[in-house]
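**Q** Got a file for you: start.pdb, PDB, C-alpha atoms.
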ATOM      1  CA  MET B   1     111.051  97.912 120.017
ATOM      2  CA  ASN B   2     108.615 100.845 120.100
ATOM      3  CA  TRP B   3     106.204 102.249 117.541
ATOM      4  CA  SER B   4     103.731 105.099 117.299
ATOM      5  CA  VAL B   5     100.823 106.115 115.092
ATOM      6  CA  VAL B   6     100.132 109.412 113.336
ATOM      7  CA  SER B   7      96.865 110.476 111.737
ATOM      8  CA  THR B   8      95.219 113.673 110.509
ATOM      9  CA  VAL B   9      91.546 113.351 111.440
ATOM     10  CA  ALA B  10      88.225 115.068 110.797
ATOM     11  CA  GLU B  11      85.897 112.247 111.841
ATOM     12  CA  PRO B  12      83.267 112.063 114.613
ATOM     13  CA  ALA B  13      84.644 111.841 118.135
ATOM     14  CA  GLN B  14      83.483 108.284 118.784
ATOM     15  CA  LEU B  15      85.489 106.980 115.813
ATOM     16  CA  VAL B  16      88.577 108.963 116.780
ATOM     17  CA  CYS B  17      88.376 107.606 120.339
ATOM     18  CA  ALA B  18      87.999 104.054 119.017
ATOM     19  CA  PHE B  19      91.030 104.583 116.785
ATOM     20  CA  VAL B  20      93.099 105.917 119.686
ATOM     21  CA  ALA B  21      92.024 103.248 122.161
ATOM     22  CA  HIS B  22      92.558 100.391 119.728
ATOM     23  CA  HIS B  23      96.122 101.343 118.856
ATOM     24  CA  LEU B  24      97.155 102.203 122.407
ATOM     25  CA  HIS B  25      95.699  98.857 123.506
ATOM     26  CA  LEU B  26      97.755  97.116 120.799
ATOM     27  CA  GLY B  27     100.907  98.621 122.239
ATOM     28  CA  ALA B  28     101.547 101.902 120.455
ATOM     29  CA  ALA B  29     103.793 104.133 122.543
ATOM     30  CA  ARG B  30     101.895 107.204 121.372
ATOM     31  CA  VAL B  31      99.075 108.176 119.044
ATOM     32  CA  HIS B  32      99.685 111.534 117.376
ATOM     33  CA  LEU B  33      96.427 113.127 116.274
ATOM     34  CA  PHE B  34      96.215 116.235 114.147
ATOM     35  CA  LEU B  35      92.673 117.613 114.159
ATOM     36  CA  ASP B  36      92.088 118.942 110.653
ATOM     37  CA  ARG B  37      89.678 121.408 112.208
ATOM     38  CA  PRO B  38      88.884 122.228 115.861
ATOM     39  CA  ASP B  39      86.495 119.744 117.466
ATOM     40  CA  GLU B  40      85.501 120.514 121.041
ATOM     41  CA  ARG B  41      84.077 117.067 121.816
ATOM     42  CA  THR B  42      87.123 115.195 120.522
ATOM     43  CA  GLN B  43      89.444 117.594 122.346
ATOM     44  CA  ARG B  44      87.492 117.172 125.580
ATOM     45  CA  LEU B  45      87.381 113.359 125.402
ATOM     46  CA  LEU B  46      91.083 112.993 124.614
ATOM     47  CA  SER B  47      92.384 115.681 126.950
ATOM     48  CA  GLY B  48      94.672 114.049 129.486
ATOM     49  CA  VAL B  49      94.561 110.560 127.938
ATOM     50  CA  GLU B  50      98.000 109.055 128.452
ATOM     51  CA  GLY B  51      99.750 108.273 125.192
ATOM     52  CA  VAL B  52      97.839 110.807 123.083
ATOM     53  CA  ALA B  53      99.536 113.819 121.497
ATOM     54  CA  LEU B  54      96.796 116.132 120.220
ATOM     55  CA  THR B  55      97.414 119.024 117.841
ATOM     56  CA  VAL B  56      94.656 121.322 116.577
ATOM     57  CA  CYS B  57      95.391 122.417 113.009
ATOM     58  CA  ASP B  58      93.755 125.812 113.240
ATOM     59  CA  GLU B  59      94.517 128.990 111.329
ATOM     60  CA  ALA B  60      97.459 129.862 113.575
ATOM     61  CA  TYR B  61      98.961 126.395 113.133
ATOM     62  CA  TRP B  62      99.014 126.689 109.349
ATOM     63  CA  ARG B  63     100.113 130.317 109.374
ATOM     64  CA  GLU B  64     103.290 129.205 111.153
ATOM     65  CA  ARG B  65     103.840 126.659 108.373
ATOM     66  CA  GLY B  66     103.470 128.978 105.433
ATOM     67  CA  GLY B  67      99.737 128.693 104.840
ATOM     68  CA  TRP B  68      96.948 126.131 104.665
ATOM     69  CA  PRO B  69      97.441 123.485 101.928
ATOM     70  CA  GLY B  70      94.188 122.987 100.046
ATOM     71  CA  LEU B  71      94.593 119.244  99.551
ATOM     72  CA  VAL B  72      94.020 117.076 102.609
ATOM     73  CA  THR B  73      96.722 114.691 101.390
ATOM     74  CA  GLU B  74      99.249 117.520 101.574
ATOM     75  CA  ARG B  75      98.156 118.369 105.119
ATOM     76  CA  GLN B  76      98.471 114.703 106.068
ATOM     77  CA  LYS B  77     102.004 114.466 104.698
ATOM     78  CA  ILE B  78     103.153 117.656 106.432
ATOM     79  CA  ASN B  79     101.752 116.521 109.785
ATOM     80  CA  ALA B  80     103.150 113.005 109.531
ATOM     81  CA  GLN B  81     106.559 114.314 108.458
ATOM     82  CA  SER B  82     106.791 116.526 111.520
ATOM     83  CA  VAL B  83     106.335 113.516 113.807
ATOM     84  CA  TYR B  84     108.754 111.365 111.820
ATOM     85  CA  ASP B  85     111.415 114.070 111.879
ATOM     86  CA  SER B  86     111.179 114.261 115.671
ATOM     87  CA  GLY B  87     112.627 110.727 115.858
ATOM     88  CA  GLU B  88     110.460 109.963 118.865
ATOM     89  CA  THR B  89     109.955 106.239 118.231
ATOM     90  CA  GLU B  90     111.735 103.662 116.116
ATOM     91  CA  TRP B  91     108.765 103.004 113.834
ATOM     92  CA  LEU B  92     105.927 105.345 112.829
ATOM     93  CA  LEU B  93     102.675 104.156 111.248
ATOM     94  CA  HIS B  94     100.832 106.707 109.084
ATOM     95  CA  VAL B  95      97.154 105.795 108.658
ATOM     96  CA  ASP B  96      93.669 107.327 108.609
ATOM     97  CA  ALA B  97      91.108 107.175 111.415
ATOM     98  CA  ASP B  98      89.035 104.584 109.524
ATOM     99  CA  GLU B  99      91.997 102.183 109.425
ATOM    100  CA  PHE B 100      92.770  99.804 112.287
ATOM    101  CA  LEU B 101      95.722  97.489 112.741
ATOM    102  CA  ASP B 102      94.407  94.011 113.378
ATOM    103  CA  HIS B 103      95.028  92.181 116.647
ATOM    104  CA  SER B 104      96.534  89.261 114.757
ATOM    105  CA  ALA B 105      99.005  91.362 112.805
ATOM    106  CA  GLY B 106     102.561  90.093 113.223
ATOM    107  CA  LEU B 107     103.718  93.617 113.861
ATOM    108  CA  THR B 108     106.066  93.101 116.807
ATOM    109  CA  GLU B 109     107.745  90.133 115.165
ATOM    110  CA  ALA B 110     108.119  92.021 111.886
ATOM    111  CA  MET B 111     109.766  94.972 113.636
ATOM    112  CA  GLN B 112     112.067  92.755 115.678
ATOM    113  CA  HIS B 113     113.210  90.748 112.671
ATOM    114  CA  ALA B 114     113.368  93.554 110.113
ATOM    115  CA  ASP B 115     116.724  93.640 108.368
ATOM    116  CA  PRO B 116     118.796  96.644 109.465
ATOM    117  CA  SER B 117     118.604  97.911 105.885
ATOM    118  CA  CYS B 118     114.779  97.907 105.964
ATOM    119  CA  ALA B 119     113.327 101.384 106.494
ATOM    120  CA  GLU B 120     109.715 100.650 105.462
ATOM    121  CA  LEU B 121     107.378  97.929 106.690
ATOM    122  CA  ARG B 122     104.337  97.639 104.462
ATOM    123  CA  VAL B 123     101.020  96.810 106.085
ATOM    124  CA  GLU B 124      98.668  95.156 103.596
ATOM    125  CA  VAL B 125      95.010  96.174 103.606
ATOM    126  CA  ARG B 126      91.705  94.342 103.856
ATOM    127  CA  GLU B 127      88.495  96.260 103.246
ATOM    128  CA  ARG B 128      85.301  95.980 105.245
ATOM    129  CA  VAL B 129      82.193  94.959 103.321
ATOM    130  CA  ARG B 130      78.685  94.595 104.727
ATOM    131  CA  ILE B 131      76.745  91.365 104.503
ATOM    132  CA  SER B 132      73.091  91.482 103.494
ATOM    133  CA  GLY B 133      70.867  90.423 106.386
ATOM    134  CA  ASP B 134      73.588  90.832 109.030
ATOM    135  CA  ARG B 135      71.851  91.516 112.353
ATOM    136  CA  ARG B 136      74.790  93.487 113.674
ATOM    137  CA  SER B 137      74.220  97.042 112.492
ATOM    138  CA  ASP B 138      76.989  99.104 114.082
ATOM    139  CA  ILE B 139      79.591 100.868 111.964
ATOM    140  CA  PHE B 140      82.159  98.078 112.446
ATOM    141  CA  ALA B 141      79.912  95.198 111.344
ATOM    142  CA  GLY B 142      80.744  93.036 108.355
ATOM    143  CA  CYS B 143      83.501  90.954 106.781
ATOM    144  CA  PHE B 144      86.757  91.936 105.081
ATOM    145  CA  ARG B 145      87.538  91.591 101.401
ATOM    146  CA  ILE B 146      91.065  90.519 100.519
ATOM    147  CA  PRO B 147      92.541  92.195  97.418
ATOM    148  CA  ALA B 148      93.625  89.882  94.617
ATOM    149  CA  GLU B 149      94.781  90.075  91.027
ATOM    150  CA  ARG B 150      92.022  88.200  89.209
ATOM    151  CA  SER B 151      90.612  88.472  85.728
ATOM    152  CA  ALA B 152      87.944  91.012  84.891
ATOM    153  CA  SER B 153      85.603  88.128  84.061
ATOM    154  CA  PHE B 154      86.102  86.692  87.556
ATOM    155  CA  TYR B 155      84.927  89.875  89.247
ATOM    156  CA  ARG B 156      82.127  90.363  86.713
ATOM    157  CA  SER B 157      80.837  86.882  87.585
ATOM    158  CA  ILE B 158      80.481  87.975  91.230
ATOM    159  CA  TYR B 159      79.486  91.633  91.053
ATOM    160  CA  GLY B 160      78.046  92.058  87.582
ATOM    161  CA  GLU B 161      79.354  94.085  84.648
ATOM    162  CA  GLU B 162      78.860  97.577  86.074
ATOM    163  CA  ALA B 163      79.884  97.128  89.699
ATOM    164  CA  ALA B 164      83.005  95.146  88.762
ATOM    165  CA  GLY B 165      84.247  98.198  86.891
ATOM    166  CA  PHE B 166      84.145 100.183  90.136
ATOM    167  CA  LEU B 167      86.471  97.767  91.945
ATOM    168  CA  HIS B 168      90.261  97.452  91.869
ATOM    169  CA  LYS B 169      91.543  94.000  92.789
ATOM    170  CA  GLY B 170      88.089  93.446  94.279
ATOM    171  CA  LEU B 171      88.123  96.517  96.567
ATOM    172  CA  LYS B 172      86.329  99.831  96.178
ATOM    173  CA  ALA B 173      89.082 101.981  97.739
ATOM    174  CA  TYR B 174      92.836 101.386  97.571
ATOM    175  CA  SER B 175      94.082  97.809  97.353
ATOM    176  CA  HIS B 176      97.730  97.883  98.386
ATOM    177  CA  PHE B 177      99.194  99.003 101.725
ATOM    178  CA  LYS B 178     100.075 101.626 104.293
ATOM    179  CA  THR B 179     103.537 101.890 105.844
ATOM    180  CA  LEU B 180     105.532 101.886 109.056
ATOM    181  CA  TYR B 181     108.561 104.161 108.651
ATOM    182  CA  ARG B 182     111.842 103.590 110.473
ATOM    183  CA  ARG B 183     113.310 106.662 112.103
ATOM    184  CA  GLY B 184     116.557 108.267 111.119
ATOM    185  CA  ARG B 185     116.498 107.203 107.463
ATOM    186  CA  GLY B 186     115.718 110.585 105.913
ATOM    187  CA  LEU B 187     112.402 109.424 104.474
ATOM    188  CA  ALA B 188     109.883 111.794 102.886
ATOM    189  CA  LEU B 189     106.576 110.392 104.085
ATOM    190  CA  GLY B 190     103.718 109.882 101.673
ATOM    191  CA  ILE B 191     100.181 108.593 102.061
ATOM    192  CA  HIS B 192     101.040 104.980 101.257
ATOM    193  CA  ALA B 193     104.846 104.868 101.108
ATOM    194  CA  ALA B 194     107.945 107.035 101.264
ATOM    195  CA  ARG B 195     108.137 109.415  98.328
ATOM    196  CA  ASN B 196     111.908 108.984  98.236
ATOM    197  CA  GLY B 197     112.059 105.295  99.112
ATOM    198  CA  ARG B 198     114.210 104.359  96.130
ATOM    199  CA  GLU B 199     116.678 107.174  96.669
ATOM    200  CA  ALA B 200     116.841 106.403 100.397
ATOM    201  CA  ASN B 201     117.349 102.654  99.746
ATOM    202  CA  SER B 202     114.457 101.849 102.082
ATOM    203  CA  HIS B 203     114.404  98.099 101.229
ATOM    204  CA  PRO B 204     110.709  97.655 102.085
ATOM    205  CA  ALA B 205     109.357  94.471 103.659
ATOM    206  CA  SER B 206     105.817  93.331 104.502
ATOM    207  CA  VAL B 207     104.081  92.681 107.816
ATOM    208  CA  PRO B 208     102.498  89.188 107.777
ATOM    209  CA  GLY B 209      98.959  88.287 108.792
ATOM    210  CA  ARG B 210      95.704  90.275 108.515
ATOM    211  CA  PRO B 211      97.358  93.577 109.209
ATOM    212  CA  LEU B 212      95.222  96.634 108.333
ATOM    213  CA  LEU B 213      91.435  96.772 108.332
ATOM    214  CA  HIS B 214      89.967  99.613 106.267
ATOM    215  CA  PHE B 215      86.413 100.791 106.980
ATOM    216  CA  ASP B 216      85.912 102.817 103.811
ATOM    217  CA  GLY B 217      82.487 104.424 104.063
ATOM    218  CA  LEU B 218      81.475 103.650 107.635
ATOM    219  CA  THR B 219      77.879 104.526 106.714
ATOM    220  CA  PRO B 220      76.243 105.338 103.373
ATOM    221  CA  LEU B 221      76.017 109.004 104.361
ATOM    222  CA  SER B 222      79.691 109.217 105.327
ATOM    223  CA  TRP B 223      80.607 107.665 101.967
ATOM    224  CA  VAL B 224      78.506 110.306 100.189
ATOM    225  CA  GLN B 225      80.346 113.040 102.076
ATOM    226  CA  LYS B 226      83.703 111.524 101.168
ATOM    227  CA  MET B 227      82.793 111.341  97.487
ATOM    228  CA  TYR B 228      81.522 114.928  97.429
ATOM    229  CA  GLN B 229      84.764 116.116  99.009
ATOM    230  CA  LYS B 230      86.778 114.310  96.361
ATOM    231  CA  LEU B 231      84.701 115.888  93.606
ATOM    232  CA  LEU B 232      85.091 119.375  95.043
ATOM    233  CA  ILE B 233      88.781 119.285  95.895
ATOM    234  CA  GLU B 234      90.605 116.701  93.823
ATOM    235  CA  ASP B 235      91.228 116.420  90.097
ATOM    236  CA  TYR B 236      89.778 112.936  90.088
ATOM    237  CA  ARG B 237      90.106 112.481  86.327
ATOM    238  CA  ASN B 238      93.852 112.111  86.872
ATOM    239  CA  LYS B 239      93.505 109.548  89.649
ATOM    240  CA  PRO B 240      95.785 106.559  89.040
ATOM    241  CA  ASN B 241      93.191 104.123  90.438
ATOM    242  CA  PRO B 242      90.825 103.484  87.495
ATOM    243  CA  ALA B 243      88.128 102.023  89.737
ATOM    244  CA  ARG B 244      87.964 105.059  92.023
ATOM    245  CA  ARG B 245      87.994 107.287  88.952
ATOM    246  CA  ALA B 246      85.025 105.385  87.517
ATOM    247  CA  GLN B 247      83.166 105.700  90.837
ATOM    248  CA  LEU B 248      83.641 109.465  90.874
ATOM    249  CA  ILE B 249      82.557 109.886  87.267
ATOM    250  CA  ARG B 250      79.369 107.956  87.987
ATOM    251  CA  PHE B 251      78.844 109.756  91.302
ATOM    252  CA  GLU B 252      79.174 113.165  89.647
ATOM    253  CA  ARG B 253      76.648 112.163  87.008
ATOM    254  CA  HIS B 254      74.079 111.201  89.665
ATOM    255  CA  ALA B 255      75.130 113.596  92.454
ATOM    256  CA  ARG B 256      71.572 114.896  92.960
ATOM    257  CA  GLU B 257      69.818 111.549  92.606
ATOM    258  CA  PRO B 258      69.722 109.878  96.039
ATOM    259  CA  HIS B 259      68.306 106.571  94.815
ATOM    260  CA  ALA B 260      71.054 106.241  92.206
ATOM    261  CA  ILE B 261      73.713 107.094  94.806
ATOM    262  CA  SER B 262      72.274 104.501  97.193
ATOM    263  CA  ALA B 263      72.350 101.893  94.446
ATOM    264  CA  ILE B 264      76.022 102.610  93.738
ATOM    265  CA  PHE B 265      76.920 102.274  97.426
ATOM    266  CA  GLN B 266      74.851  99.109  97.812
ATOM    267  CA  ALA B 267      76.575  97.479  94.836
ATOM    268  CA  LEU B 268      80.038  98.359  96.139
ATOM    269  CA  ASP B 269      79.616  97.828  99.851
ATOM    270  CA  THR B 270      77.152  94.971 100.448
ATOM    271  CA  LEU B 271      77.415  91.286  99.561
ATOM    272  CA  ASP B 272      74.430  89.002  99.163
ATOM    273  CA  GLU B 273      74.764  85.363 100.215
ATOM    274  CA  ALA B 274      75.818  84.137  96.766
ATOM    275  CA  GLN B 275      78.541  86.779  96.502
ATOM    276  CA  LYS B 276      79.738  86.013 100.013
ATOM    277  CA  GLN B 277      80.017  82.302  99.258
ATOM    278  CA  ALA B 278      81.812  82.930  95.960
ATOM    279  CA  LEU B 279      84.484  85.031  97.663
ATOM    280  CA  GLU B 280      84.836  82.567 100.537
ATOM    281  CA  ARG B 281      85.417  79.704  98.087
ATOM    282  CA  GLU B 282      88.309  81.669  96.603
ATOM    283  CA  GLY B 283      89.766  82.606 100.002
ATOM    284  CA  LEU B 284      89.045  86.279  99.369
ATOM    285  CA  LEU B 285      86.795  87.016 102.350
ATOM    286  CA  ASP B 286      87.668  87.079 106.043
ATOM    287  CA  CYS B 287      84.662  87.129 108.372
ATOM    288  CA  THR B 288      86.556  87.306 111.655
ATOM    289  CA  PRO B 289      84.606  89.983 113.583
ATOM    290  CA  PHE B 290      86.209  93.219 114.692
ATOM    291  CA  SER B 291      85.240  95.418 117.627
ATOM    292  CA  PRO B 292      87.131  98.245 119.363
ATOM    293  CA  ARG B 293      85.052  97.917 122.542
ATOM    294  CA  PRO B 294      87.573  95.932 124.654
ATOM    295  CA  ALA B 295      90.167  98.607 123.943
ATOM    296  CA  LEU B 296      87.711 101.408 124.694
ATOM    297  CA  GLU B 297      86.822  99.827 128.031
ATOM    298  CA  ALA B 298      90.523  99.704 128.906
ATOM    299  CA  ILE B 299      91.401 103.250 127.810
ATOM    300  CA  PHE B 300      88.090 105.003 128.574
ATOM    301  CA  PRO B 301      86.700 103.007 131.543
ATOM    302  CA  GLY B 302      83.060 103.670 132.339
ATOM    303  CA  MET B 303      82.386 105.649 129.153
ATOM    304  CA  HIS B 304      79.761 104.686 126.596
ATOM    305  CA  PHE B 305      80.262 105.193 122.873
ATOM    306  CA  ASP B 306      77.377 104.824 120.440
ATOM    307  CA  PHE B 307      78.491 103.162 117.208
ATOM    308  CA  SER B 308      75.077 102.854 115.628
ATOM    309  CA  GLN B 309      74.818 104.165 112.082
ATOM    310  CA  SER B 310      72.262 106.771 113.132
ATOM    311  CA  ALA B 311      74.479 108.148 115.929
ATOM    312  CA  PHE B 312      77.481 108.248 113.627
ATOM    313  CA  ASP B 313      75.568 110.070 110.890
ATOM    314  CA  ALA B 314      74.263 112.604 113.404
ATOM    315  CA  SER B 315      77.861 113.347 114.425
ATOM    316  CA  ILE B 316      79.200 113.985 110.930
ATOM    317  CA  ASP B 317      80.106 117.597 110.220
ATOM    318  CA  MET B 318      78.874 118.085 106.683
ATOM    319  CA  ALA B 319      77.348 120.698 104.422
ATOM    320  CA  PRO B 320      73.532 121.014 104.771
ATOM    321  CA  GLU B 321      72.994 120.267 101.081
ATOM    322  CA  ILE B 322      74.696 116.887 101.502
ATOM    323  CA  ARG B 323      72.777 116.013 104.656
ATOM    324  CA  ALA B 324      69.542 116.966 102.898
ATOM    325  CA  LEU B 325      70.003 114.150 100.395
ATOM    326  CA  LYS B 326      67.725 111.294 101.387
ATOM    327  CA  VAL B 327      70.330 108.585 100.961
ATOM    328  CA  ASP B 328      69.192 105.130 102.010
ATOM    329  CA  ARG B 329      71.048 104.660 105.282
ATOM    330  CA  THR B 330      70.180 100.989 105.512
ATOM    331  CA  ALA B 331      72.028 100.153 102.289
TER     332      ALA B 331
END
With the file now loaded, output its structure as structure tokens.

**A**
Amino acid sequence: MNWSVVSTVAEPAQLVCAFVAHHLHLGAARVHLFLDRPDERTQRLLSGVEGVALTVCDEAYWRERGGWPGLVTERQKINAQSVYDSGETEWLLHVDADEFLDHSAGLTEAMQHADPSCAELRVEVRERVRISGDRRSDIFAGCFRIPAERSASFYRSIYGEEAAGFLHKGLKAYSHFKTLYRRGRGLALGIHAARNGREANSHPASVPGRPLLHFDGLTPLSWVQKMYQKLLIEDYRNKPNPARRAQLIRFERHAREPHAISAIFQALDTLDEAQKQALEREGLLDCTPFSPRPALEAIFPGMHFDFSQSAFDASIDMAPEIRALKVDRTA
């Protein structure tokens, strides 16, 4: 029972290498990476790594495919579809470079026992959140919030009136799942699920356990970049997620006010002790630590990767006007 991973990436090389190493170490037959723009360091580090299929999405690449799609989500779908259509492996996982399958995920068992009619295995998400006072300061530090349908008053009691309005099921990004797609079923791949799942009778099932860990906003500065990109490219007012829409409206209002931006990030991404305990009492926080280092040592023996927030921020390719914002990087 084999499976592969596909991702369109534009993140710093150390994160991309961690993503690759982690999934190869978990047992992926291949990791297909589409570089959304050329990146010499990433290309150099991954050149010759067994199990990695690297494609640079440069001008020539998109010219052959009818032109460059302006929306990154469209580029992601096109790239993922090309791998799925090749039929290389039985199951294909489509995720981003800040998403990591967990070691404890019951992935193999789920694939082995999937009903023959099942063409989609849904991998539920948990979202990293920082803990105030945590001595571990690398980009993977923190606990993981578990999404849950609770009343608005429940989340207001933990986060306060304003911050609760920026969360959906207790998470600041998406709160549902990503998907493993079974080959040969004629699926049209989307970001979270097949776009034609109903027509294709995909009969989706779920992977048990703590399957997908999402590091949304690895540092405050990377979150700022992500939000700016959404403002510039996407019509966020039509976003179906009301929490993300509210975040972007507030972010746009304070886009040139670093202290206000830092306060938004702090409220969404850091728990104080009382908040941590409240979520733990409800079974909505998982503090099992995560680190890609064992996988990196296996796949890239003898190489050192710096996962400090400062090193990560220095590696981000972003517009000078964004980098010039004095966002509190210790938030």

**Q** Determine the residue membership of the PyMOL selection byres ((chain B and resi 25) around 9) for the file above and supply it as an NGL selection string.

**A** :B and (20-24 or 26-28 or 294-296 or 298-299)

**Q** Please enumerate the residues selected by the PyMOL selection byres ((chain B and resi 114) around 12) when evaluated against the supplied file, formatted as a VMD selection string.

**A** chain B and resid 1 90 to 91 106 to 113 115 to 122 180 to 182 202 to 208

**Q** I would like the residues chosen by the PyMOL selection byres ((chain B and resi 239-249) around 12) on the shown file; could you give them as a VMD selection string?

**A** chain B and resid 162 to 176 223 to 224 226 to 232 234 to 238 250 to 255 261 264 to 265 267 to 268

**Q** Between B:Val6, B:Leu221, B:Asp134, B:Leu279, which is the closest to Gly51 of chain B once you count only C-alpha atoms?

**A** B:Val6

**Q** Show me, as a ChimeraX atom specification, the residues that have an atom within 10 Å of Val5 of chain B when counting only C-alpha atoms, minus same-chain residues fewer than 3 positions from it.

**A** /B:20,23-24,28-33,52,80,83,89,91-96,180

**Q** Padding of 4 Å on every side, edges along x, y and z, all listed atoms of segment 258-275 of chain B included: what centre and edge lengths in Å, to one decimal, does that box have, as AutoDock Vina command-line options?

**A**
--center_x 74.2 --center_y 97.0 --center_z 96.3 --size_x 19.7 --size_y 33.7 --size_z 16.2
